[in-house]
$ cat my_file_12.cif   # mmCIF, N, CA and C atoms and all ligand atoms
data_target
#
loop_
_atom_site.label_atom_id
_atom_site.label_comp_id
_atom_site.auth_asym_id
_atom_site.auth_seq_id
_atom_site.Cartn_x
_atom_site.Cartn_y
_atom_site.Cartn_z
N MET A 286 0.84 -1.19 0.00
CA MET A 286 0.00 0.00 0.00
C MET A 286 0.88 1.26 0.00
N ASP A 287 0.64 2.13 -0.94
CA ASP A 287 1.46 3.33 -0.99
C ASP A 287 0.65 4.60 -0.71
N LYS A 288 -0.56 4.41 -0.18
CA LYS A 288 -1.36 5.58 0.17
C LYS A 288 -0.85 6.18 1.47
N LYS A 289 -1.26 7.42 1.71
CA LYS A 289 -0.84 8.12 2.92
C LYS A 289 -1.88 7.92 4.02
N TYR A 290 -1.37 7.75 5.23
CA TYR A 290 -2.27 7.62 6.37
C TYR A 290 -1.77 8.51 7.49
N SER A 291 -2.70 8.95 8.31
CA SER A 291 -2.28 9.74 9.46
C SER A 291 -3.26 9.53 10.60
N LYS A 292 -2.85 9.97 11.75
CA LYS A 292 -3.74 9.87 12.91
C LYS A 292 -4.94 10.80 12.71
N PRO A 293 -6.13 10.34 13.07
CA PRO A 293 -7.30 11.22 12.91
C PRO A 293 -7.18 12.44 13.81
N GLY A 294 -7.48 13.60 13.25
CA GLY A 294 -7.44 14.83 14.03
C GLY A 294 -8.82 15.13 14.61
N ARG A 295 -8.91 16.32 15.20
CA ARG A 295 -10.16 16.69 15.86
C ARG A 295 -11.32 16.78 14.87
N GLU A 296 -11.03 17.27 13.64
CA GLU A 296 -12.13 17.43 12.68
C GLU A 296 -12.76 16.09 12.28
N GLU A 297 -11.95 15.01 12.31
CA GLU A 297 -12.53 13.69 11.98
C GLU A 297 -13.52 13.25 13.05
N TRP A 298 -13.16 13.51 14.31
CA TRP A 298 -14.07 13.11 15.39
C TRP A 298 -15.34 13.95 15.33
N VAL A 299 -15.17 15.25 15.06
CA VAL A 299 -16.33 16.12 14.96
C VAL A 299 -17.23 15.64 13.81
N ARG A 300 -16.60 15.30 12.67
CA ARG A 300 -17.38 14.85 11.52
C ARG A 300 -18.15 13.56 11.85
N SER A 301 -17.48 12.61 12.54
CA SER A 301 -18.15 11.37 12.92
C SER A 301 -19.37 11.66 13.78
N ILE A 302 -19.17 12.54 14.75
CA ILE A 302 -20.26 12.85 15.69
C ILE A 302 -21.41 13.54 14.95
N VAL A 303 -21.06 14.47 14.04
CA VAL A 303 -22.09 15.17 13.26
C VAL A 303 -22.90 14.17 12.42
N TYR A 304 -22.21 13.24 11.75
CA TYR A 304 -22.90 12.23 10.93
C TYR A 304 -23.85 11.40 11.78
N ILE A 305 -23.37 10.99 12.96
CA ILE A 305 -24.20 10.15 13.83
C ILE A 305 -25.41 10.95 14.34
N LEU A 306 -25.18 12.23 14.65
CA LEU A 306 -26.28 13.08 15.13
C LEU A 306 -27.32 13.28 14.02
N ILE A 307 -26.85 13.51 12.77
CA ILE A 307 -27.78 13.67 11.66
C ILE A 307 -28.61 12.40 11.49
N TYR A 308 -27.94 11.27 11.54
CA TYR A 308 -28.62 9.97 11.42
C TYR A 308 -29.68 9.82 12.51
N ALA A 309 -29.29 10.09 13.76
CA ALA A 309 -30.22 9.96 14.88
C ALA A 309 -31.41 10.92 14.71
N ALA A 310 -31.11 12.13 14.23
CA ALA A 310 -32.18 13.13 14.05
C ALA A 310 -33.15 12.69 12.96
N VAL A 311 -32.63 12.18 11.84
CA VAL A 311 -33.48 11.73 10.74
C VAL A 311 -34.34 10.54 11.19
N ILE A 312 -33.73 9.60 11.92
CA ILE A 312 -34.45 8.41 12.37
C ILE A 312 -35.56 8.78 13.34
N SER A 313 -35.23 9.61 14.33
CA SER A 313 -36.26 9.93 15.33
C SER A 313 -37.30 10.88 14.75
N GLY A 314 -36.86 11.82 13.89
CA GLY A 314 -37.80 12.75 13.28
C GLY A 314 -38.78 12.05 12.37
N SER A 315 -38.28 11.14 11.53
CA SER A 315 -39.16 10.47 10.57
C SER A 315 -40.02 9.41 11.25
N ALA A 316 -39.64 8.97 12.44
CA ALA A 316 -40.43 7.95 13.14
C ALA A 316 -41.85 8.44 13.39
N PHE A 317 -41.99 9.71 13.77
CA PHE A 317 -43.31 10.28 14.05
C PHE A 317 -44.19 10.26 12.81
N VAL A 318 -43.57 10.56 11.65
CA VAL A 318 -44.31 10.65 10.41
C VAL A 318 -44.59 9.27 9.83
N LEU A 319 -43.58 8.41 9.86
CA LEU A 319 -43.66 7.15 9.12
C LEU A 319 -44.18 5.97 9.93
N LEU A 320 -43.90 5.95 11.22
CA LEU A 320 -44.20 4.74 12.00
C LEU A 320 -45.68 4.31 11.97
N PRO A 321 -46.65 5.24 12.09
CA PRO A 321 -48.04 4.78 12.13
C PRO A 321 -48.44 3.93 10.93
N GLY A 322 -48.12 4.38 9.71
CA GLY A 322 -48.58 3.64 8.55
C GLY A 322 -47.49 3.07 7.67
N TYR A 323 -46.28 3.58 7.84
CA TYR A 323 -45.20 3.20 6.91
C TYR A 323 -43.98 2.68 7.64
N TRP A 324 -44.19 1.77 8.59
CA TRP A 324 -43.06 1.31 9.39
C TRP A 324 -42.03 0.54 8.55
N VAL A 325 -42.47 -0.02 7.43
CA VAL A 325 -41.52 -0.72 6.55
C VAL A 325 -40.54 0.27 5.95
N VAL A 326 -41.08 1.42 5.51
CA VAL A 326 -40.26 2.48 4.94
C VAL A 326 -39.28 2.99 6.00
N TRP A 327 -39.78 3.15 7.23
CA TRP A 327 -38.94 3.65 8.32
C TRP A 327 -37.83 2.65 8.62
N GLY A 328 -38.18 1.37 8.66
CA GLY A 328 -37.19 0.32 8.90
C GLY A 328 -36.09 0.35 7.84
N LEU A 329 -36.50 0.54 6.58
CA LEU A 329 -35.52 0.63 5.49
C LEU A 329 -34.59 1.82 5.68
N LEU A 330 -35.19 2.94 6.11
CA LEU A 330 -34.42 4.16 6.36
C LEU A 330 -33.36 3.91 7.43
N VAL A 331 -33.75 3.22 8.49
CA VAL A 331 -32.83 2.89 9.58
C VAL A 331 -31.68 2.02 9.05
N LEU A 332 -32.04 0.99 8.28
CA LEU A 332 -31.03 0.06 7.77
C LEU A 332 -30.09 0.73 6.78
N VAL A 333 -30.67 1.47 5.83
CA VAL A 333 -29.85 2.13 4.80
C VAL A 333 -28.94 3.17 5.45
N GLY A 334 -29.48 3.93 6.40
CA GLY A 334 -28.70 4.95 7.10
C GLY A 334 -27.54 4.33 7.85
N ALA A 335 -27.81 3.24 8.57
CA ALA A 335 -26.75 2.55 9.32
C ALA A 335 -25.71 1.99 8.35
N GLY A 336 -26.18 1.46 7.23
CA GLY A 336 -25.27 0.91 6.22
C GLY A 336 -24.35 1.98 5.66
N LEU A 337 -24.92 3.15 5.37
CA LEU A 337 -24.13 4.27 4.83
C LEU A 337 -23.08 4.72 5.84
N LEU A 338 -23.48 4.82 7.10
CA LEU A 338 -22.56 5.26 8.16
C LEU A 338 -21.39 4.29 8.28
N VAL A 339 -21.73 2.99 8.31
CA VAL A 339 -20.71 1.96 8.48
C VAL A 339 -19.77 1.95 7.27
N ASP A 340 -20.36 2.10 6.07
CA ASP A 340 -19.58 2.08 4.85
C ASP A 340 -18.63 3.28 4.79
N TRP A 341 -19.16 4.44 5.19
CA TRP A 341 -18.33 5.64 5.22
C TRP A 341 -17.17 5.45 6.21
N HIS A 342 -17.49 4.93 7.39
CA HIS A 342 -16.48 4.75 8.42
C HIS A 342 -15.39 3.78 7.96
N ARG A 343 -15.81 2.70 7.31
CA ARG A 343 -14.85 1.70 6.86
C ARG A 343 -13.97 2.27 5.75
N GLY A 344 -14.60 3.07 4.85
CA GLY A 344 -13.85 3.66 3.75
C GLY A 344 -12.87 4.72 4.21
N ALA A 345 -13.15 5.33 5.35
CA ALA A 345 -12.34 6.46 5.82
C ALA A 345 -11.22 6.03 6.76
N THR A 346 -11.26 4.78 7.22
CA THR A 346 -10.30 4.38 8.25
C THR A 346 -9.52 3.12 7.87
N VAL A 347 -8.31 3.05 8.36
CA VAL A 347 -7.51 1.83 8.28
C VAL A 347 -6.89 1.59 9.65
N TYR A 348 -6.29 0.42 9.81
CA TYR A 348 -5.71 0.06 11.10
C TYR A 348 -4.26 -0.35 10.91
N LYS A 349 -3.41 0.08 11.84
CA LYS A 349 -1.99 -0.22 11.72
C LYS A 349 -1.54 -1.08 12.88
N CYS A 350 -0.99 -2.24 12.54
CA CYS A 350 -0.53 -3.18 13.56
C CYS A 350 0.63 -2.57 14.34
N PRO A 351 0.53 -2.49 15.68
CA PRO A 351 1.61 -1.91 16.48
C PRO A 351 2.82 -2.84 16.54
N ASN A 352 2.63 -4.09 16.15
CA ASN A 352 3.71 -5.07 16.22
C ASN A 352 4.61 -5.05 14.98
N CYS A 353 3.98 -5.04 13.78
CA CYS A 353 4.79 -5.13 12.55
C CYS A 353 4.53 -3.96 11.60
N ASP A 354 3.72 -2.97 12.01
CA ASP A 354 3.44 -1.78 11.19
C ASP A 354 2.67 -2.07 9.91
N HIS A 355 2.08 -3.25 9.82
CA HIS A 355 1.26 -3.57 8.66
C HIS A 355 -0.05 -2.77 8.73
N VAL A 356 -0.41 -2.13 7.60
CA VAL A 356 -1.64 -1.33 7.54
C VAL A 356 -2.70 -2.12 6.79
N TYR A 357 -3.89 -2.25 7.39
CA TYR A 357 -4.93 -3.06 6.77
C TYR A 357 -6.32 -2.51 7.07
N GLU A 358 -7.29 -2.96 6.25
CA GLU A 358 -8.68 -2.59 6.47
C GLU A 358 -9.37 -3.72 7.22
N ILE A 359 -10.47 -3.41 7.86
CA ILE A 359 -11.24 -4.47 8.50
C ILE A 359 -12.66 -4.46 7.96
N SER A 360 -13.33 -5.58 8.05
CA SER A 360 -14.70 -5.67 7.55
C SER A 360 -15.67 -5.09 8.56
N PHE A 361 -16.89 -4.88 8.11
CA PHE A 361 -17.93 -4.35 8.97
C PHE A 361 -18.12 -5.24 10.21
N LEU A 362 -18.15 -6.55 9.99
CA LEU A 362 -18.39 -7.47 11.12
C LEU A 362 -17.26 -7.40 12.14
N THR A 363 -16.02 -7.34 11.65
CA THR A 363 -14.87 -7.21 12.55
C THR A 363 -14.97 -5.92 13.33
N ASP A 364 -15.31 -4.84 12.61
CA ASP A 364 -15.46 -3.53 13.23
C ASP A 364 -16.52 -3.59 14.33
N PHE A 365 -17.60 -4.29 14.03
CA PHE A 365 -18.73 -4.34 14.94
C PHE A 365 -18.44 -5.18 16.18
N PHE A 366 -17.77 -6.32 16.00
CA PHE A 366 -17.62 -7.27 17.09
C PHE A 366 -16.31 -7.15 17.86
N ALA A 367 -15.33 -6.46 17.29
CA ALA A 367 -14.05 -6.34 17.99
C ALA A 367 -14.22 -5.50 19.25
N PRO A 368 -13.53 -5.89 20.34
CA PRO A 368 -13.61 -5.06 21.55
C PRO A 368 -12.98 -3.69 21.31
N HIS A 369 -13.69 -2.64 21.71
CA HIS A 369 -13.21 -1.27 21.54
C HIS A 369 -12.76 -0.71 22.87
N GLY A 370 -11.88 0.26 22.81
CA GLY A 370 -11.48 0.95 24.03
C GLY A 370 -10.82 2.26 23.68
N VAL A 371 -10.53 3.05 24.70
CA VAL A 371 -9.85 4.31 24.49
C VAL A 371 -8.66 4.38 25.45
N GLY A 372 -7.48 4.57 24.89
CA GLY A 372 -6.27 4.69 25.69
C GLY A 372 -5.75 6.11 25.64
N LYS A 373 -4.53 6.31 26.16
CA LYS A 373 -3.99 7.67 26.16
C LYS A 373 -3.61 8.13 24.76
N ASP A 374 -3.43 7.19 23.81
CA ASP A 374 -3.13 7.55 22.43
C ASP A 374 -4.38 7.59 21.56
N GLY A 375 -5.55 7.58 22.18
CA GLY A 375 -6.79 7.60 21.41
C GLY A 375 -7.46 6.24 21.41
N PRO A 376 -8.52 6.13 20.59
CA PRO A 376 -9.28 4.88 20.59
C PRO A 376 -8.54 3.73 19.93
N TRP A 377 -8.86 2.52 20.34
CA TRP A 377 -8.24 1.33 19.75
C TRP A 377 -9.27 0.22 19.62
N LEU A 378 -8.94 -0.74 18.79
CA LEU A 378 -9.71 -1.97 18.66
C LEU A 378 -8.76 -3.14 18.92
N LEU A 379 -9.30 -4.17 19.56
CA LEU A 379 -8.50 -5.38 19.75
C LEU A 379 -8.62 -6.21 18.49
N LEU A 380 -7.57 -6.20 17.66
CA LEU A 380 -7.63 -6.85 16.35
C LEU A 380 -6.47 -7.83 16.19
N ARG A 381 -6.73 -8.86 15.35
CA ARG A 381 -5.64 -9.77 15.00
C ARG A 381 -5.08 -9.33 13.66
N CYS A 382 -3.80 -9.03 13.64
CA CYS A 382 -3.14 -8.56 12.42
C CYS A 382 -3.10 -9.70 11.39
N PRO A 383 -3.51 -9.42 10.12
CA PRO A 383 -3.49 -10.47 9.09
C PRO A 383 -2.07 -10.83 8.67
N GLU A 384 -1.11 -9.99 9.01
CA GLU A 384 0.28 -10.22 8.59
C GLU A 384 1.04 -11.08 9.60
N CYS A 385 1.07 -10.63 10.86
CA CYS A 385 1.88 -11.34 11.86
C CYS A 385 1.03 -12.15 12.82
N LYS A 386 -0.30 -12.13 12.64
CA LYS A 386 -1.25 -12.91 13.44
C LYS A 386 -1.21 -12.57 14.92
N GLN A 387 -0.65 -11.42 15.24
CA GLN A 387 -0.57 -10.99 16.62
C GLN A 387 -1.85 -10.26 17.00
N ARG A 388 -2.43 -10.61 18.15
CA ARG A 388 -3.63 -9.92 18.60
C ARG A 388 -3.21 -8.76 19.49
N SER A 389 -3.55 -7.54 19.08
CA SER A 389 -3.11 -6.40 19.87
C SER A 389 -4.08 -5.24 19.77
N ARG A 390 -3.90 -4.29 20.68
CA ARG A 390 -4.71 -3.07 20.65
C ARG A 390 -4.22 -2.23 19.48
N THR A 391 -5.09 -2.06 18.48
CA THR A 391 -4.68 -1.45 17.24
C THR A 391 -5.32 -0.08 17.10
N GLY A 392 -4.50 0.92 16.81
CA GLY A 392 -4.98 2.28 16.69
C GLY A 392 -5.64 2.52 15.33
N VAL A 393 -6.58 3.45 15.30
CA VAL A 393 -7.27 3.83 14.08
C VAL A 393 -6.47 4.91 13.35
N LEU A 394 -6.38 4.77 12.02
CA LEU A 394 -5.77 5.81 11.19
C LEU A 394 -6.78 6.25 10.16
N LYS A 395 -6.64 7.49 9.68
CA LYS A 395 -7.53 7.91 8.60
C LYS A 395 -6.77 7.92 7.28
N ARG A 396 -7.51 7.72 6.20
CA ARG A 396 -6.90 7.82 4.88
C ARG A 396 -6.71 9.28 4.52
N GLU A 397 -5.61 9.56 3.88
CA GLU A 397 -5.37 10.94 3.41
C GLU A 397 -6.17 11.19 2.14
ZN ZN A 401 1.23 -7.29 12.51
#
$ encode --input "my_file_12.cif" --output "structure tokens" --more "lines below"
Ligand SMILES: [Zn+2]
Amino acid sequence: MDKKYSKPGREEWVRSIVYILIYAAVISGSAFVLLPGYWVVWGLLVLVGAGLLVDWHRGATVYKCPNCDHVYEISFLTDFFAPHGVGKDGPWLLLRCPECKQRSRTGVLKRE
């Protein structure tokens, strides 16, 4: 991989929070309008919105193995089920590196 990566700055966190807030606002706002007669439409909105958020997040982030410096992407399911935490260097996921098979707390990087 020859793309550039860097640690996410403050604007990335703000953007993530804004996206999630917009999603929450659309879901709760449309619930009043759609739920009585169009709950199927509302359910689709929830699913599509969540899908878009997850897809955006996956496309915007990569993970770097602290053991061998291998940079890799993770799937939605891995992202969802991996234990998350926040350390002094920012948030991490407990991931198994596909290169060295080492399970470690892996920091999030953003794509340039
Ligand atoms: Zn590794």
$ residues_around --input "my_file_12.cif" --residues "region 334-338 of chain A" --least-positions-apart "3" --cutoff "9 Å" --atoms "only C-alpha atoms" --output "ChimeraX atom specification"
/A:301,304-305,308,312,329-331,341-343
$ closest_residue --input "my_file_12.cif" --among "A:Lys386, A:Arg396, A:Lys349, A:Arg381" --to "Thr363 (chain A)" --atoms "only C-alpha atoms"
A:Arg381
$ closest_residue --input "my_file_12.cif" --among "A:Ser291, A:Thr346, A:Gln387, A:Ser313" --to "ligand ZN 401 (chain A)" --atoms "all atoms listed in the file"
A:Gln387
$ residues_near_ligand --input "my_file_12.cif" --ligand "ligand ZN 401 (chain A)" --cutoff "6 Å" --atoms "only N, CA and C atoms and all ligand atoms" --output "PyMOL selection string"
chain A and resi 350-355+382-387
$ atom_distance --input "my_file_12.cif" --atom1 "CA of Gly372 (chain A)" --atom2 "atom C of Tyr348 (chain A)"
15.7 Å
$ atom_distance --input "my_file_12.cif" --atom1 "atom C of Val393 (chain A)" --atom2 "CA of Leu378 (chain A)"
9.3 Å
$ closest_residue --input "my_file_12.cif" --among "A:Ala310, A:Arg390, A:Lys289, A:Ser315" --to "His369 (chain A)" --atoms "only C-alpha atoms"
A:Arg390
$ select_by_dssp --input "my_file_12.cif" --residues "chain A" --states "strand (DSSP E or B)" --output "PyMOL selection string"
chain A and resi 290-291+346-349+356-357+369-372+375-381+388-396
$ residues_around --input "my_file_12.cif" --residues "Pro368 (chain A)" --least-positions-apart "2" --cutoff "12 Å" --atoms "only C-alpha atoms" --output "list in words"
Leu362, Thr363, Asp364, Phe365, Phe366, Gly370, Val371, Pro376, Trp377, Leu378, Leu379, Leu380, Arg381, Arg388, Ser389, Arg390 and Thr391 of chain A
$ atom_distance --input "my_file_12.cif" --atom1 "atom C of Ile359 (chain A)" --atom2 "CA of Glu296 (chain A)"
22.4 Å
$ closest_residue --input "my_file_12.cif" --among "A:Val347, A:Leu306, A:Leu332, A:Gly294" --to "Leu394 (chain A)" --atoms "all atoms listed in the file"
A:Val347
